[in-house]
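The structure under discussion appears below in the form of structure tokens.
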Amino acid sequence: MTGEEVKNFYKEDERLYDLKENKKFLIMFNHLIDEGYSLFIGIDEMQDLIDRLFTWYEIKYPEREFDFYDGKLTSDFVTKKELSDLMNINQLFFRLSDNQIKLLEGNYRTISMKEYPIYEEGKKIGVSKKVYFKINRNENDIYYNKHKDFIISADAVSGKVDTDYETDKYITGNVTIDDIYRKFKEEYTDRLEFEMLEKAINNKYIDNYLRDSILEFVALKLIYSKKTTPERGYIRAKRFIDEFNSRLGLNLTYEEINRVMNKDYSEDKSKVKVISL
């Protein structure tokens, strides 16, 4: 971009990454709460997440790295790159709050959750996160007189249901939370009450929508950073998207940042008069 184009580029920054000024996002967020979304993270904590991720990636990919690849530095840059190599997702998560991590992980959640240690050769190598759903039977169900309810357990990450004697009465095989919900919805609405299951699925869908929106705002903030150039901000934003897609199994795209970068900035839109006919 030319100097004039860069000026116009920054003038068109809508600052969507500033959540308290992003009216469209605030309206959407409040509407979700009104519709029954179970809130676990607030605007301030989401804003803090945006700011932390932005700062992390500006530190991870410093200006001097771009200077080096542009041929402006011939020093021992490569040996100083060790810090960037160590700044992985695990190190990033270690510096985030529990709610921020929960939002980024995007797991299933409910009021009943537990973690169990995973051991290999006597050494703890991780944890298994489980969620539990109470399913109520009514008088139409043939098993009602014996047990008026039962519990479904599932992996909070994959959603894979732990099938047992009770679940096998309604669905068999390797199924997920979404599979069993669809089955109940299609065939057992007159026999079973599964509000907890439905709420968990809705919450996960909205959690993931919010997460993807927040991450898109981070990418935009990287592009519009005035500590660098739009071109370098774009490279950082692409690296940010690629790393989160790779490490968290997401499907973030370049669509929005490409749209921003490919606009024509040769003219200052703020000076263009709109003529009403």
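Residue numbers start at 1 in each chain; chains themselves are named A, B, ... in the order of the structure tokens; ligands are numbered from 1 in the order shown.
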
- Message: Could you list, as a ChimeraX atom specification, every residue within 6 Å of Val218 in chain A, counting only C-alpha atoms and ignoring same-chain residues fewer than 2 positions away?
- Response: /A:50,54,215-216,220-221

Against range 89-109 of chain A, which residues of range 121-141 of chain A fall within 9 Å? For each one I want the closest pair of atoms and the distance in Å (one decimal), counting only C-alpha atoms, rows by chain and increasing residue number, as a Markdown table.
| residue | atom | partner | partner_atom | distance |
| --- | --- | --- | --- | --- |
| A:Lys130 | CA | A:Arg109 | CA | 8.8 |
| A:Val131 | CA | A:Arg109 | CA | 6.4 |
| A:Tyr132 | CA | A:Arg109 | CA | 8.8 |

- Pairwise distance for CA of Arg191 in chain A and CA of Asp178 in chain A, rounded to one decimal in Å: 18.5 Å

- Would you give me, as a ChimeraX atom specification, the residues in range 48-190 of chain A that DSSP reads as alpha helix (DSSP H)? /A:48-60,63-69,82-86,89-93,98-105,177-187

- Lys148 in chain A: which residues within 12 Å, counting only C-alpha atoms, same-chain residues fewer than 5 positions away excluded, as a count of residues only? 14

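Taking CA of Ile223 in chain A as the reference point, CA of Leu250 in chain A is found at 20.4 Å.
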
- Task: Going by DSSP on the backbone, which bits of range 138-231 of chain A are strand (DSSP E or B)? Write them as a list in words, please.
- Result: Asp149, Phe150, Ile151, Ile152, Ser153, Ala154, Asp155, Lys160, Val161, Thr176, Leu192 and Glu193 of chain A

Could you build a table of the residues in range 196-222 of chain A lying no more than 10 Å from range 38-47 of chain A, giving for each the nearest pair of atoms and their separation in Å rounded to one decimal place, using only C-alpha atoms, ordered by chain and ascending residue number, as CSV?
residue,atom,partner,partner_atom,distance
A:Lys199,CA,A:Ser38,CA,8.5
A:Ala200,CA,A:Ser38,CA,9.1
A:Asn202,CA,A:Ser38,CA,9.3
A:Asn203,CA,A:Ser38,CA,6.6
A:Lys204,CA,A:Ser38,CA,9.9
A:Ile206,CA,A:Ser38,CA,9.5
A:Asp207,CA,A:Leu39,CA,9.1
A:Leu210,CA,A:Met46,CA,9.4
A:Arg211,CA,A:Met46,CA,9.1
A:Ile214,CA,A:Met46,CA,7.4
A:Phe217,CA,A:Gln47,CA,9.8
A:Val218,CA,A:Gln47,CA,9.8

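Nearest-residue note for Tyr61 in chain A: choosing from A:Val127, A:Leu86, A:Met113, A:Leu252, the minimum distance belongs to A:Leu86, counting only C-alpha atoms.
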